[in-house]
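Here is the structure we will look at.
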Amino acid sequence: LVMSRAVRLHPLVVAISVVAGAIAAGVVGAVVAVPLVSVVWSVHSALREARRTAGG
């Protein structure tokens, strides 16, 4: 819950990303997963907003 508030992601998304990161790359993957998902979501949101304001 604390991490989900810090990165503004749903707690379920945080839990799934930690589990997926742990399965894919162990402890390091679990640590890196949430910031990576947060960055990907921020880029996705920014691109969606830019497309929306560009008239698309």
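Ligands are numbered from 1 in the order shown, residues from 1 within each chain, and chains are lettered A, B, ... in the order they appear in the structure tokens.
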
Would you pick out the contacts of Val32 (chain A) at 12 Å or less, using only C-alpha atoms, so that residues sharing its chain but fewer than 5 positions from it are not included, and give the list as a PyMOL selection string?
chain A and resi 14+17-22+24-27+37-39

Computed gap from CA of His44 (chain A) to CA of Ala6 (chain A) is 18.1 Å

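Counting from CA of Val34 (chain A), the distance to CA of Arg51 (chain A) is 25.6 Å.
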